[in-house]
Amino acid sequence: MNDFLAARSQMALSLGFHIVFSCIGMVMPFFMAVSHFYWLKTNKQVYKNITKAWSKGVAIFFATGAVSGTVLSFELGLLWPTFMKHAGPIFGMPFSLEGTAFFIEAIALGFFMYGWNRFNRWFHWFTGVVVGVSGLVSGILVVAANAWMNSPAGFDYVNGEYLNIDPIAAMFNDAWFSQALHMSVAAFVATGFAVAGIHAMMIAKGKNIEFHTKSFRIAAIFACVAAVLQPLSGDISAKDVAKRQPAKLAAMEAHFETQQSAPLIIGGIPDEKNKTVKYAIKLPGMLSFMAHGDFKAEVKGLDQIPEDEHPPVAITHYAFQIMVGLGMVMVLLAILYFIALWKKKSWLQSKWLLKFFVLATPMGFIAVEAGWTVTEVGRQPWIIHGVMRTADAVTPMPGIAYSFYLFTCVYVSLAAIVTFMLYRQIRMVDKLYDVPSSENPVKH
């Protein structure tokens, strides 16, 4: 493995793990705050138990997210020094503000974890809300920095120099809103279905029915509302990409030739050598409509983009198809769950619906990883779109491959430790609050 590939692989590995920890850390505090609110309003012990159980999960993911995020900040400087030399003064503001949000989140989490029976009940609840809000703001600020890489703004690039820097314009670049919206909704979808799926599995096994049923309900509603909203945020994001990064859109859709009434491609195997897509389903005019709001609009293909500026089409296309495909499955599940809530109450106690949620447990995070792949790989060969190539930003330091192998071991170990801690936490919950399995109302 050469040093350039090793640097990119290490960054991809670090981001791939960190995004999971971050999504859960952003969203779980809101679940925790809702269950806490229910306890304060109803005084039912089960909601207090749920809140305490979820708060321990929040603490676990806050710690792991802090560790993986710190590693990423060092990697930016060590692996991409040229990039940070030029880009740091421009998009440093969102990172600085993210650090502030992180400290607020840490303080609020400390108050919440150790504030039981010490603070006013509603102030204690408020500290939990602050954990969620500050975590969400932190995530949005990081995404704003990444959006700047896709839509550089806030500077003039003259003769290789970055002049007239405006950090505010850089932070609120043309891509920040669409990316932040899409990523935030995705975090709720992924975390919601993951949490709901775990509780659904425990319900199906007949363990601690009341605890897991109420936990499932909170997570499932968050997940399903977000899943229904996600295609809308995706449409906003796709239209923005079509306008600013036509090469990325072309790679996403394996759209090799510029044409009017461009078809939307579902599935298929891109053949980059012959500029074709095999075995695909094509919906005439749909890509034009989705990109420009007009079934007859022209969509720019890769034929109008220099060959050395083409993103890796196959990887980008497959990742995009995975993201959209899993997203549609989760939308279907959300619709079924809403029907169950409003019209078919018997479905709520049916095992097939619980199994569907169990199957959906990893779907959101697979979709998030696929979407992040589309964002990053689809921007290649640029690290700053249209300004700096990734190959020009990598460190000249030799031996990066060894660093990649080391960090792979670290992250795999970290994932194993987190998995073990969560498994132990679930077992502890069931031992503390278990009820006889004969009370299981689930119907086959």
# chains A, B, ... in the order shown; residues from 1 in each chain; ligands from 1
call {"tool": "select_by_dssp", "arguments": {"residues": "segment 345-422 of chain A", "states": "strand (DSSP E or B)", "output": "list of chain:residue names"}}
result
A:Ser350, A:Trp382, A:Ile383, A:Ile384, A:Met388, A:Arg389
call {"tool": "write_last_selection", "arguments": {"atoms": "N, CA and C atoms", "output": "PDB file, in the first residue's frame"}}
result
ATOM      1  N   SER A 350     -47.700  -7.646  16.996  1.00  0.00           N
ATOM      2  CA  SER A 350     -47.386  -8.739  16.065  1.00  0.00           C
ATOM      3  C   SER A 350     -45.881  -8.932  15.947  1.00  0.00           C
ATOM      4  N   TRP A 382     -10.642  16.074  -5.778  1.00  0.00           N
ATOM      5  CA  TRP A 382     -10.412  17.299  -5.039  1.00  0.00           C
ATOM      6  C   TRP A 382     -10.557  17.083  -3.540  1.00  0.00           C
ATOM      7  N   ILE A 383      -9.679  17.714  -2.760  1.00  0.00           N
ATOM      8  CA  ILE A 383      -9.892  17.798  -1.318  1.00  0.00           C
ATOM      9  C   ILE A 383     -10.627  19.099  -1.007  1.00  0.00           C
ATOM     10  N   ILE A 384     -10.326  20.165  -1.760  1.00  0.00           N
ATOM     11  CA  ILE A 384     -11.130  21.388  -1.786  1.00  0.00           C
ATOM     12  C   ILE A 384     -11.639  21.507  -3.209  1.00  0.00           C
ATOM     13  N   MET A 388      -7.963  22.575  -4.682  1.00  0.00           N
ATOM     14  CA  MET A 388      -6.801  21.785  -4.291  1.00  0.00           C
ATOM     15  C   MET A 388      -7.102  20.303  -4.465  1.00  0.00           C
ATOM     16  N   ARG A 389      -6.197  19.593  -5.133  1.00  0.00           N
ATOM     17  CA  ARG A 389      -6.361  18.159  -5.314  1.00  0.00           C
ATOM     18  C   ARG A 389      -5.897  17.398  -4.075  1.00  0.00           C
TER      19      ARG A 389
END
call {"tool": "closest_atom_pairs", "arguments": {"of": "segment 126-155 of chain A", "to": "segment 184-187 of chain A", "cutoff": "9 Å", "atoms": "only C-alpha atoms", "output": "CSV"}}
result
residue,atom,partner,partner_atom,distance
A:Leu136,CA,A:Ser184,CA,7.5
A:Gly139,CA,A:Ser184,CA,7.7
A:Ile140,CA,A:Ser184,CA,7.3
call {"tool": "write_last_selection", "arguments": {"atoms": "C-alpha atoms", "output": "PDB file, in the first residue's frame"}}
result
ATOM      1  CA  LEU A 136     -26.497  18.443  17.632  1.00  0.00           C
ATOM      2  CA  GLY A 139     -22.373  17.905  14.611  1.00  0.00           C
ATOM      3  CA  ILE A 140     -23.811  20.672  12.431  1.00  0.00           C
TER       4      ILE A 140
END
call {"tool": "residues_around", "arguments": {"residues": "segment 300-316 of chain A", "least_positions_apart": "3", "cutoff": "7 Å", "atoms": "only C-alpha atoms", "output": "list in words"}}
result
Pro246, Ala247, Lys248, Ala250, Ala251, Met252, Ala254, His255, Phe256, Glu257, Thr258, Gln259, Pro270, Ala319, Phe320, Thr373, Val374, Val377, Gly378, Arg379, Gln380 and Pro381 of chain A
call {"tool": "write_last_selection", "arguments": {"atoms": "N, CA and C atoms", "output": "short mmCIF file (atom, residue, chain, number, x, y, z; two decimals), in the first residue's frame"}}
result
data_model
loop_
_atom_site.label_atom_id
_atom_site.label_comp_id
_atom_site.auth_asym_id
_atom_site.auth_seq_id
_atom_site.Cartn_x
_atom_site.Cartn_y
_atom_site.Cartn_z
N PRO A 246 -21.61 19.00 -10.55
CA PRO A 246 -22.20 18.13 -11.57
C PRO A 246 -21.44 16.82 -11.76
N ALA A 247 -20.13 16.83 -11.52
CA ALA A 247 -19.35 15.59 -11.65
C ALA A 247 -19.77 14.58 -10.59
N LYS A 248 -20.04 15.05 -9.37
CA LYS A 248 -20.49 14.15 -8.31
C LYS A 248 -21.85 13.57 -8.64
N ALA A 250 -23.14 13.16 -11.59
CA ALA A 250 -22.97 12.23 -12.70
C ALA A 250 -22.42 10.90 -12.22
N ALA A 251 -21.50 10.94 -11.27
CA ALA A 251 -20.96 9.69 -10.72
C ALA A 251 -22.00 8.96 -9.89
N MET A 252 -22.78 9.69 -9.12
CA MET A 252 -23.83 9.08 -8.31
C MET A 252 -24.80 8.29 -9.18
N ALA A 254 -24.16 7.39 -12.38
CA ALA A 254 -23.47 6.75 -13.51
C ALA A 254 -23.98 7.35 -14.81
N HIS A 255 -24.02 8.68 -14.84
CA HIS A 255 -24.56 9.44 -15.98
C HIS A 255 -23.39 9.88 -16.86
N PHE A 256 -23.10 9.10 -17.87
CA PHE A 256 -21.90 9.32 -18.68
C PHE A 256 -22.11 10.37 -19.78
N GLU A 257 -23.32 10.49 -20.31
CA GLU A 257 -23.56 11.38 -21.45
C GLU A 257 -24.52 12.49 -21.07
N THR A 258 -24.16 13.73 -21.43
CA THR A 258 -25.04 14.87 -21.22
C THR A 258 -26.28 14.71 -22.09
N GLN A 259 -27.44 14.91 -21.49
CA GLN A 259 -28.68 14.76 -22.28
C GLN A 259 -29.85 15.43 -21.59
N PRO A 270 -21.95 -0.03 -13.48
CA PRO A 270 -21.27 0.93 -14.36
C PRO A 270 -20.05 0.31 -15.05
N ALA A 319 -22.47 3.21 -3.69
CA ALA A 319 -22.76 3.78 -2.37
C ALA A 319 -24.07 4.56 -2.39
N PHE A 320 -24.29 5.30 -3.46
CA PHE A 320 -25.53 6.07 -3.58
C PHE A 320 -26.74 5.15 -3.65
N THR A 373 -19.68 8.11 2.08
CA THR A 373 -18.82 7.69 0.95
C THR A 373 -19.15 8.49 -0.30
N VAL A 374 -20.45 8.68 -0.55
CA VAL A 374 -20.85 9.49 -1.70
C VAL A 374 -20.30 10.91 -1.58
N VAL A 377 -16.00 10.45 -1.60
CA VAL A 377 -15.44 9.86 -2.82
C VAL A 377 -15.95 10.61 -4.04
N GLY A 378 -17.21 11.06 -3.99
CA GLY A 378 -17.77 11.79 -5.12
C GLY A 378 -17.11 13.14 -5.36
N ARG A 379 -16.39 13.66 -4.37
CA ARG A 379 -15.68 14.94 -4.55
C ARG A 379 -14.32 14.76 -5.21
N GLN A 380 -13.81 13.55 -5.21
CA GLN A 380 -12.48 13.30 -5.74
C GLN A 380 -12.43 13.68 -7.24
N PRO A 381 -11.26 14.14 -7.69
CA PRO A 381 -9.92 14.11 -7.07
C PRO A 381 -9.61 15.33 -6.21
#
call {"tool": "residues_around", "arguments": {"residues": "segment 393-400 of chain A", "least_positions_apart": "6", "cutoff": "7 Å", "atoms": "only C-alpha atoms", "output": "VMD selection string"}}
result
chain A and resid 3 to 4 6 to 7 78 to 83
call {"tool": "select_by_dssp", "arguments": {"residues": "segment 273-442 of chain A", "states": "helix (DSSP H, G or I)", "output": "mmCIF file with C-alpha atoms, in the first residue's frame"}}
result
data_model
loop_
_atom_site.group_PDB
_atom_site.id
_atom_site.type_symbol
_atom_site.label_atom_id
_atom_site.label_comp_id
_atom_site.auth_asym_id
_atom_site.auth_seq_id
_atom_site.Cartn_x
_atom_site.Cartn_y
_atom_site.Cartn_z
ATOM 1 C CA MET A 286 -36.725 11.493 -13.626
ATOM 2 C CA LEU A 287 -33.094 12.551 -13.127
ATOM 3 C CA SER A 288 -33.797 15.828 -14.930
ATOM 4 C CA PHE A 289 -36.804 16.419 -12.699
ATOM 5 C CA MET A 290 -35.016 15.516 -9.479
ATOM 6 C CA ALA A 291 -31.970 17.637 -10.331
ATOM 7 C CA HIS A 292 -33.668 20.667 -11.884
ATOM 8 C CA LEU A 302 -19.164 12.991 -17.371
ATOM 9 C CA ASP A 303 -18.508 13.555 -21.091
ATOM 10 C CA GLN A 304 -18.355 17.315 -20.391
ATOM 11 C CA GLU A 307 -11.117 12.829 -17.603
ATOM 12 C CA ASP A 308 -8.663 13.642 -14.804
ATOM 13 C CA GLU A 309 -11.504 15.224 -12.785
ATOM 14 C CA VAL A 313 -17.905 6.217 -10.700
ATOM 15 C CA ALA A 314 -18.465 2.630 -9.534
ATOM 16 C CA ILE A 315 -17.823 3.293 -5.827
ATOM 17 C CA THR A 316 -19.888 6.490 -5.826
ATOM 18 C CA HIS A 317 -22.773 4.898 -7.743
ATOM 19 C CA TYR A 318 -22.938 1.762 -5.588
ATOM 20 C CA ALA A 319 -22.755 3.784 -2.369
ATOM 21 C CA PHE A 320 -25.526 6.072 -3.576
ATOM 22 C CA GLN A 321 -27.728 3.124 -4.541
ATOM 23 C CA ILE A 322 -27.188 1.503 -1.131
ATOM 24 C CA MET A 323 -28.060 4.735 0.664
ATOM 25 C CA VAL A 324 -31.236 5.341 -1.337
ATOM 26 C CA GLY A 325 -32.302 1.683 -1.300
ATOM 27 C CA LEU A 326 -32.001 1.320 2.459
ATOM 28 C CA GLY A 327 -33.641 4.706 2.912
ATOM 29 C CA MET A 328 -36.687 3.522 0.972
ATOM 30 C CA VAL A 329 -36.899 0.335 3.053
ATOM 31 C CA MET A 330 -36.917 2.428 6.225
ATOM 32 C CA VAL A 331 -39.574 4.753 4.773
ATOM 33 C CA LEU A 332 -41.723 1.659 4.123
ATOM 34 C CA LEU A 333 -41.214 0.493 7.703
ATOM 35 C CA ALA A 334 -42.098 3.981 8.977
ATOM 36 C CA ILE A 335 -45.344 3.984 6.971
ATOM 37 C CA LEU A 336 -46.271 0.540 8.312
ATOM 38 C CA TYR A 337 -45.601 1.686 11.871
ATOM 39 C CA PHE A 338 -47.738 4.809 11.459
ATOM 40 C CA ILE A 339 -50.552 2.679 10.043
ATOM 41 C CA ALA A 340 -50.203 0.430 13.094
ATOM 42 C CA LEU A 341 -50.438 3.431 15.435
ATOM 43 C CA TRP A 342 -53.478 4.951 13.751
ATOM 44 C CA LYS A 345 -53.425 -1.456 16.666
ATOM 45 C CA SER A 346 -53.099 -5.244 16.523
ATOM 46 C CA TRP A 347 -49.931 -4.865 14.429
ATOM 47 C CA LEU A 348 -48.173 -3.310 17.405
ATOM 48 C CA GLN A 349 -48.248 -6.694 19.151
ATOM 49 C CA LYS A 351 -44.056 -10.476 15.799
ATOM 50 C CA TRP A 352 -43.604 -9.699 12.086
ATOM 51 C CA LEU A 353 -43.471 -5.948 12.752
ATOM 52 C CA LEU A 354 -40.958 -6.420 15.560
ATOM 53 C CA LYS A 355 -38.821 -8.615 13.300
ATOM 54 C CA PHE A 356 -38.923 -5.918 10.623
ATOM 55 C CA PHE A 357 -37.555 -3.429 13.166
ATOM 56 C CA VAL A 358 -34.886 -5.917 14.231
ATOM 57 C CA LEU A 359 -33.816 -6.332 10.585
ATOM 58 C CA MET A 363 -29.779 -0.209 8.049
ATOM 59 C CA GLY A 364 -29.564 3.423 9.119
ATOM 60 C CA PHE A 365 -25.871 3.278 9.900
ATOM 61 C CA ILE A 366 -25.086 1.383 6.695
ATOM 62 C CA ALA A 367 -26.956 4.138 4.833
ATOM 63 C CA VAL A 368 -25.010 6.817 6.746
ATOM 64 C CA GLU A 369 -21.684 5.194 5.850
ATOM 65 C CA ALA A 370 -22.792 4.904 2.217
ATOM 66 C CA GLY A 371 -23.907 8.542 2.160
ATOM 67 C CA TRP A 372 -20.616 9.702 3.636
ATOM 68 C CA THR A 373 -18.825 7.686 0.951
ATOM 69 C CA VAL A 374 -20.850 9.490 -1.705
ATOM 70 C CA THR A 375 -19.937 12.857 -0.185
ATOM 71 C CA GLU A 376 -16.213 12.194 0.085
ATOM 72 C CA VAL A 377 -15.442 9.855 -2.824
ATOM 73 C CA THR A 390 -6.188 15.461 -2.681
ATOM 74 C CA ALA A 391 -2.861 14.207 -4.032
ATOM 75 C CA ASP A 392 -1.332 17.661 -3.493
ATOM 76 C CA ALA A 393 -2.441 17.849 0.138
ATOM 77 C CA ILE A 400 2.011 6.058 6.638
ATOM 78 C CA ALA A 401 0.978 2.473 5.839
ATOM 79 C CA TYR A 402 2.233 1.341 9.258
ATOM 80 C CA SER A 403 0.170 4.070 10.888
ATOM 81 C CA PHE A 404 -2.885 2.827 8.986
ATOM 82 C CA TYR A 405 -2.409 -0.728 10.272
ATOM 83 C CA LEU A 406 -1.941 0.531 13.828
ATOM 84 C CA PHE A 407 -5.058 2.704 13.746
ATOM 85 C CA THR A 408 -7.061 -0.140 12.240
ATOM 86 C CA CYS A 409 -6.218 -2.239 15.291
ATOM 87 C CA VAL A 410 -7.062 0.658 17.623
ATOM 88 C CA TYR A 411 -10.472 1.289 16.075
ATOM 89 C CA VAL A 412 -11.393 -2.385 15.863
ATOM 90 C CA SER A 413 -10.457 -2.738 19.537
ATOM 91 C CA LEU A 414 -12.464 0.376 20.416
ATOM 92 C CA ALA A 415 -15.503 -0.982 18.557
ATOM 93 C CA ALA A 416 -15.185 -4.314 20.377
ATOM 94 C CA ILE A 417 -14.943 -2.587 23.761
ATOM 95 C CA VAL A 418 -17.989 -0.395 23.053
ATOM 96 C CA THR A 419 -19.979 -3.419 21.877
ATOM 97 C CA PHE A 420 -19.060 -5.325 25.042
ATOM 98 C CA MET A 421 -19.994 -2.387 27.285
ATOM 99 C CA LEU A 422 -23.369 -1.968 25.571
ATOM 100 C CA TYR A 423 -24.054 -5.704 25.778
ATOM 101 C CA ARG A 424 -23.218 -5.655 29.485
ATOM 102 C CA GLN A 425 -25.449 -2.603 29.953
ATOM 103 C CA ILE A 426 -28.403 -4.373 28.294
ATOM 104 C CA ARG A 427 -27.860 -7.440 30.484
ATOM 105 C CA MET A 428 -27.730 -5.264 33.604
ATOM 106 C CA VAL A 429 -30.971 -3.522 32.645
ATOM 107 C CA ASP A 430 -32.790 -6.816 32.235
ATOM 108 C CA LYS A 431 -31.499 -8.118 35.569
ATOM 109 C CA LEU A 432 -32.613 -4.967 37.381
ATOM 110 C CA TYR A 433 -36.034 -4.509 35.813
ATOM 111 C CA SER A 437 -41.922 -13.772 30.268
ATOM 112 C CA SER A 438 -45.526 -14.917 30.645
ATOM 113 C CA GLU A 439 -46.514 -11.253 30.424
#
call {"tool": "closest_atom_pairs", "arguments": {"of": "segment 70-139 of chain A", "to": "segment 35-50 of chain A", "cutoff": "9 Å", "atoms": "only C-alpha atoms", "output": "tab-separated table"}}
result
residue	atom	partner	partner_atom	distance
A:Arg121	CA	A:Leu40	CA	7.7
A:Trp122	CA	A:Leu40	CA	7.9
A:Trp125	CA	A:His36	CA	6.6
A:Gly128	CA	A:His36	CA	8.7
call {"tool": "residues_around", "arguments": {"residues": "Val142 of chain A", "least_positions_apart": "3", "cutoff": "12 Å", "atoms": "only C-alpha atoms", "output": "number ranges by chain"}}
result
A: 15, 18-19, 22, 69, 72-73, 91-99, 101-102, 135-139, 145-149, 171-172, 176, 179-180, 183-184
call {"tool": "atom_distance", "arguments": {"atom1": "atom CA of Tyr157 of chain A", "atom2": "atom CA of Ala87 of chain A"}}
result
11.5 Å
